[in-house]
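K.L.:
Take this structure, written in structure tokens, and hold onto it; I'll ask about it next.
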Amino acid sequence: MPSATSSAPSSVWQGLNRTELYQLCRRAGMNVHPLTDPRYLAAYLDGEVEPPPCDETSHPIDRCRHAIIGFLDEYWARVHPQLKCPARNLNNPDETKRDRRPCFGCTDLQVVACIEQNGKNESLIRLYLPKKQP
């Protein structure tokens, strides 16, 4: 673990803020919580330590990703002609192109923007939020 007394990430990550470090961890396939201390994010990126398991139901944006996917799946016949994002492959008939987790390739900000841009359907999207695990 990083030293409790160090105040900033070490190595090549030193000039990056928490959001940038978090996004790099996510791009690297690490399921980390967005409020993780930057020192730990840098340590994960350096390979010094493994990130602790982060259940997708405890990650606020991952919960939204699941909700959007659930909504799209339920209303597929109506919405798929309008999709221009990776979600267009959610139910692709070609199994080699199908992506059952398309929103997980989007940045957190894009997920929030999708919900915001679909304000009239937000109450329907919320119905698909997974329950938080204790």
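Residues are referred to by chain and number: the chain letter is A, B, ... according to the order shown in the structure tokens, the number counts from 1 in that chain, and ligands are numbered separately from 1 in the order shown.
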With a distance cut-off of 12 Å and only C-alpha atoms, select the neighbouring residues of Val49 of chain A, excluding the residue or stretch itself and same-chain residues fewer than 2 positions from it, and output the selection as a PyMOL selection string.
P.N.:
chain A and resi 1-2+30+39-47+51-52
K.L.:
Which residues come within 8 Å of Arg65 of chain A, counting only C-alpha atoms, excluding same-chain residues fewer than 4 positions away, as a list in words?
P.N.:
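That gives Ile61, Ile69, Cys103, Phe104 and Val111 of chain A.
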K.L.:
Using the selection just defined, write its residues with C-alpha atoms as a short mmCIF file (atom, residue, chain, number, x, y, z; two decimals), in the first residue's frame.
P.N.:
```cif
data_model
loop_
_atom_site.label_atom_id
_atom_site.label_comp_id
_atom_site.auth_asym_id
_atom_site.auth_seq_id
_atom_site.Cartn_x
_atom_site.Cartn_y
_atom_site.Cartn_z
CA ILE A 61 -22.11 5.25 -12.34
CA ILE A 69 -28.74 -1.21 -20.51
CA CYS A 103 -22.18 1.37 -21.59
CA PHE A 104 -19.14 0.02 -19.76
CA VAL A 111 -23.18 7.87 -18.94
#
```
K.L.:
What are the DSSP helix (DSSP H, G or I) residues of segment 46-110 of chain A, as a PyMOL selection string?
P.N.:
chain A and resi 46+60-74+76-82+86-89+102-105+108-110
K.L.:
For Thr19 of chain A, work out the shell of residues within 9 Å, counting only C-alpha atoms and skipping chain neighbours fewer than 4 positions away, then give it as a tab-separated table (two decimals) with C-alpha atoms, in the first residue's frame.
P.N.:
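Generated file (part-v6.tsv):
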```
chain	number	residue	atom	x	y	z
A	23	GLN	CA	-10.19	7.18	-15.66
A	24	LEU	CA	-6.84	5.53	-16.39
A	34	PRO	CA	-14.55	7.03	-8.06
A	35	LEU	CA	-13.75	8.38	-4.57
A	38	PRO	CA	-5.25	9.27	-5.73
```
K.L.:
With only C-alpha atoms as the atoms that count, which of A:Leu72, A:Val12, A:Leu83, A:Leu127 lies nearest to Arg101 of chain A?
P.N.:
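Checking each of A:Leu72, A:Val12, A:Leu83, A:Leu127 against Arg101 of chain A, counting only C-alpha atoms, the winner is A:Leu72.
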K.L.:
Just checking: using only C-alpha atoms, which residue out of A:Leu21, A:Leu90, A:Glu56, A:Asp62 ends up closest to Gln110 of chain A?
P.N.:
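Looking at the shortest contact to Gln110 of chain A, the residue is A:Asp62.
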K.L.:
Excluding Asn92 of chain A and its own-chain neighbours fewer than 6 positions away, which residues fall within 12 Å of it when counting only C-alpha atoms? Please give them as a count of residues only.
P.N.:
9
K.L.:
Using atom CA of Asp55 of chain A and atom CA of Asn31 of chain A as the two end points, give the distance in Å to one decimal.
P.N.:
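It comes out at 8.0 Å.
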K.L.:
Which one of A:Leu109, A:Cys54, A:Ala28, A:Ala77 sits closest to Lys132 of chain A if you count only C-alpha atoms?
P.N.:
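Nearest to Lys132 of chain A: A:Cys54.
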